[in-house]
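Enquirer: Below you will find the structure I want to go over with you.
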Amino acid sequence: MLYREAGDFKTTYREDNQTFPIKSERYLFWGAMLIAFCVVPFFVNSYWEKSVLVPLLVWSLVALGLNILTGYCGQVSLGTGAFMAVGAFACYKLMTAFPGMSIFFVVILSGGVTALVGMLFGLPSLRIKGFYLAVATLAAQFFLIWVFNKFAWFYNYSASGQITAPERTVFGIIVTGPNAAPWATYLFCLTFLFIFAWLARNLTRGRIGRSWMAIRDMDIAAEIIGVEPLRAKLSAFAMSSFFIGVGGALFFSVYLGAAEVTEAFGIDKSFLALFMVIIGGLGSILGSFLGAAFLVLMPVFLKNLFVGSLGWPTDVAAHIQIMLIGGLIIFFLIVEPHGLAQLWRLTKEKLRLWPFPY
Amino acid sequence: MSPAILNFIETCLNGLMAGVMYSLVALGFVLIFKASGIFNFAQGVMALFAALTLVGFQTGQVPFSHLINAIFGTDIHHWGGGMPTILAIVLAMGVMVLLAFLLERFVLKYLVNQEPIILFMATIGLAYFLEGLGDLMWGADIKRMDVGLPSGGSFWWEDLTRAWAPADADYYGMYIDTLDVSAAIIAAILVTGLTLFSQYTATGRALRAVADDHQAALSVGISLRRIWVIVWSLAGFVALVAGILWGAKSGVQFSLSLIALKALPVLILGGFTSIPGAIVGGLIIGVGEKLAEAYVGPLVGGAIENWFAYMLALAFLLFRPQGLYGEKIIERI
């Protein structure tokens with residue numbers, strides 16, 4: 001009743017190929033966007049912004065990026081944290097070197113820098129794959145973090161080795177630095193996420209996305225039918241790093257404000273992003289969002305439960321939280337290896353037949 | 001011999017000792033990968049967990065005391081009186097076997113035939129789980145591991161090597177930690193034992209059969225599930241040994257679980273499926289790392305130990321993707 005193709009006639013190819021072919025799904029999507037863009041900014045406060053909304057948006061972006069590489073192109077990467085750091089440091093250097101440049105373009109450019117670095121570290125993927133490639137990307141993780149720690153040029157020779165985001169504005173509204181209003185940072189990140197999700201969706205169903213999936217499903221067969229592995233893999237690395245770099249730039253400039261590289265972009269961030277992609281669903285745009293939402297919201301929820309309601313010490317709560325995250329990952333992998341996105345697909349199947357399943 | 005050469009030898013020796021430790025962790029990886037095709041990321045955390053459990057038993061800590069205190073508002077932490085080291089080791093081993101059993105029962109059984117990446121992710125989940133569990137059971141503070149292994153520099157060796165340098169040279173002899181030496185000996189015994197076990201016992205033969213071909217092994221009546229419990233117990237045993245040695249060296253703390261990451265380049269060098277490969281790879285990484293830190297590090301600002309091993313492995317991969325002793329898989333892309 002709620003979710004039907006019946007009566008939803010398509011008369012053009014364009015309509016047939018749209019992202020949300022079913023009317024109620026389309027309404028749901030635009031309704032959610034309307035709420036996200038026009039209602040939430042009026043109610044968002046500092047707590048929600050800092051601990052829920054902005055991390056959610058930024059991590060969704062990062063998860064999207066990793067999903068392009070791991071989910072669509074089948075290349076496992078453990079270097080996400082380092083690529084985020086590249087985005088963050090590129091953002092910092094550009095912000096301080098060109099104070100007049102709009103923060104919007106700074107963030108986009110940092111993504112571009114990260115894409116170049118990502119392509120460089122994607123080169124080994126032309127010779128190796130699977131776990132070997134994962135270890136190769138770990139090399140990127142450790143090497144890049146070391147570089148950002150060692151060479152003071154990257155953090156402008158600051159004594160603490162930290163990078164701090166200066167105040168920048170969009171249309172006269174402050175979006176970075178400590179004086180930014182919650183609704184401004186939220187809308188800034190949301191705009192990026194909206195644009196990039198749209199980009200990701202259309203990339204992955206276009207020619208280039210199909211070449212990625214061909215490589216993922218069977219590289220030799222893909223090569224035979226004329227997909228160039230070099231181009232497909234490197235473009236996946238570039239595009240994925242671009243997303244992750246933009247995510248890293250936002251993570252640093254809008255969310256953290258000040259960052260120390262080993263702490264903010266360590267290997268745990270790489271794992272976190274990988275968890276999001278796996279739990280959300282490999283090779284699914286929606287999955288990236290669901291995975292990010294799950295892993296951002298769960299710690300907040302658990303912390304409120306254990307520390308806020310039960311009054312336990314924070315270290316005990318933190319240990320239980322790690323344990324639960326680990327346990328839940330295993331649980332999800334056992335129950336639904338294709339992630340939350342698959343659960344949503346099944347739900348839609350059920351809805352379609354409801355209330356008369358056969 | 002001139003002091004420069006002696007310094008070089010000393011660096012190499014220390015690298016070899018460090019390499020033995022890497023090999024120990026890598027060995028646990030190889031055991032599981034051979035028998036079940038699972039890339040067990042949790043090996044390092046298993047070492048940490050085993051070491052924590054051992055110290056906990058030894059000093060007589062109450063498990064989950066922090067949690068109990070948090071719930072009931074009590075203040076307990078020790079039940080007074082520890083136990084002899086040997087008993088603690090046996091009990092810790094028992095815990096690792098129990099863990100292997102539970103793991104098979106509740107996790108691995110359901111993940112048969114999944115893609116390798118899913119299994120890999122499950123072991124990362126396991127790593128998180130064990131890390132949280134270990135901290136929750138025994139507390140997150142740094143603990144001292146004392147199982148009676150000798151430690152400190154060897155004076156005998158220092159005196160011996162001082163005599164090798166010219167009398168007028170400014171040289172004070174080589175420093176070698178006796179703990180590292182005993183670690184090397186223990187590792188050698190462990191590897192010999194494992195090799196004998198897999199060559200000359202029925203269970204060992206079954207393990208090798210499963211490693212060769214799961215289906216063929218099943219068809220001749222080898223129980224895969226039993227083999228998995230055995231293999232994970234063995235990996236738990238190796239983790240316990242690695243945990244004891246690393247713990248005695250640098251204290252039982254969270255960073256212990258990160259040594260698993262150091263074992264990855266070792267695996268790349270040695271190949272995922274070869275026990276000798278794990279050992280030789282560990283030694284190469286150990287020596288290479290120490291030499292690089294001593295001779296290349298000063299040129300680029302030091303602290304390159306963190307990534308050097310990976311870069312070495314990466315460079316190696318480009319020329320020989322199957323590793324030193326790995327099975328040759330003819331797959332080009």
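Ordering of the structure tokens sets the chain letters (A, B, ...); residue numbers start at 1 within each chain; ligands are numbered from 1 in the order shown.
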Contacts of Ala165 of chain A at 10 Å or less, counting only C-alpha atoms, minus same-chain residues fewer than 2 places along, as a CSV table (one decimal) with N, CA and C atoms, in the first residue's frame?

Expert:
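Final file, around_28.csv:
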chain,number,residue,atom,x,y,z
A,88,ALA,N,43.3,16.7,5.3
A,88,ALA,CA,43.4,17.7,6.4
A,88,ALA,C,44.6,18.6,6.3
A,91,CYS,N,44.3,20.9,3.4
A,91,CYS,CA,43.4,22.0,3.7
A,91,CYS,C,44.0,23.0,4.6
A,92,TYR,N,44.8,22.6,5.5
A,92,TYR,CA,45.5,23.5,6.5
A,92,TYR,C,46.5,24.4,5.7
A,93,LYS,N,47.3,23.7,4.9
A,93,LYS,CA,48.3,24.5,4.1
A,93,LYS,C,47.6,25.5,3.2
A,95,MET,N,44.6,26.8,3.5
A,95,MET,CA,43.9,27.8,4.2
A,95,MET,C,44.9,28.9,4.7
A,96,THR,N,46.1,28.4,5.2
A,96,THR,CA,47.1,29.4,5.7
A,96,THR,C,47.9,30.1,4.6
A,162,GLN,N,50.7,20.7,16.3
A,162,GLN,CA,49.3,20.7,16.0
A,162,GLN,C,48.9,21.5,14.8
A,163,ILE,N,47.9,21.2,14.1
A,163,ILE,CA,47.4,22.2,13.1
A,163,ILE,C,46.0,22.7,13.6
A,167,GLU,N,39.8,30.9,11.1
A,167,GLU,CA,38.4,31.2,10.8
A,167,GLU,C,38.1,31.5,9.4
A,168,ARG,N,37.2,30.9,8.7
A,168,ARG,CA,36.9,31.1,7.3
A,168,ARG,C,35.4,31.2,7.2
A,176,THR,N,34.3,27.7,9.9
A,176,THR,CA,35.4,27.0,10.6
A,176,THR,C,35.8,27.9,11.8
A,177,GLY,N,36.6,27.3,12.7
A,177,GLY,CA,37.1,28.0,13.9
A,177,GLY,C,36.1,27.9,15.0
A,178,PRO,N,36.5,28.3,16.2
A,178,PRO,CA,35.6,28.1,17.4
A,178,PRO,C,34.3,29.0,17.3
A,252,PHE,N,38.9,17.9,9.8
A,252,PHE,CA,39.8,18.7,10.5
A,252,PHE,C,39.3,20.1,10.7
A,253,SER,N,38.9,20.8,9.5
A,253,SER,CA,38.6,22.2,9.6
A,253,SER,C,37.3,22.5,10.3
A,254,VAL,N,36.2,21.7,10.0
A,254,VAL,CA,34.9,22.0,10.6
A,254,VAL,C,34.7,21.3,11.9
A,255,TYR,N,35.0,20.0,12.0
A,255,TYR,CA,34.7,19.2,13.2
A,255,TYR,C,35.7,19.4,14.3
A,256,LEU,N,37.0,19.1,14.0
A,256,LEU,CA,38.0,19.1,15.1
A,256,LEU,C,38.4,20.5,15.4
A,257,GLY,N,38.7,21.3,14.4
A,257,GLY,CA,39.2,22.6,14.6
A,257,GLY,C,40.7,22.6,14.8
A,258,ALA,N,41.2,21.7,15.7
A,258,ALA,CA,42.6,21.5,15.9
A,258,ALA,C,42.9,20.0,15.9
A,259,ALA,N,44.0,19.6,15.3
A,259,ALA,CA,44.3,18.2,15.2
A,259,ALA,C,45.8,17.9,15.4

Enquirer: I'd like the neighbourhood of Phe154 of chain A as a count of residues only, where a residue qualifies if any of its atoms comes within 12 Å (using only C-alpha atoms), though same-chain residues fewer than 2 positions away should be ignored.

Expert: 30

Enquirer: Quick one: pull the distance between atom CA of Val54 of chain A and atom CA of Gly326 of chain A, Å, one decimal.

Expert: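 Between atom CA of Val54 of chain A and atom CA of Gly326 of chain A the gap is 24.0 Å.
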
Enquirer: B:Phe49, B:Phe197, B:Phe29, B:Phe129: which is nearest chain A, counting only C-alpha atoms?

Expert: B:Phe129

Enquirer: Give me every strand (DSSP E) residue in segment 142-316 of chain A, going by DSSP on the backbone, as a count of residues only.

Expert: 8

Enquirer: List every residue of segment 9-101 of chain A that DSSP, applied to the backbone of this structure, assigns to alpha helix (DSSP H), and report them as an NGL selection string.

Expert: :A and (13-16 or 23-34 or 40-43 or 46-48 or 54-66 or 80-97)
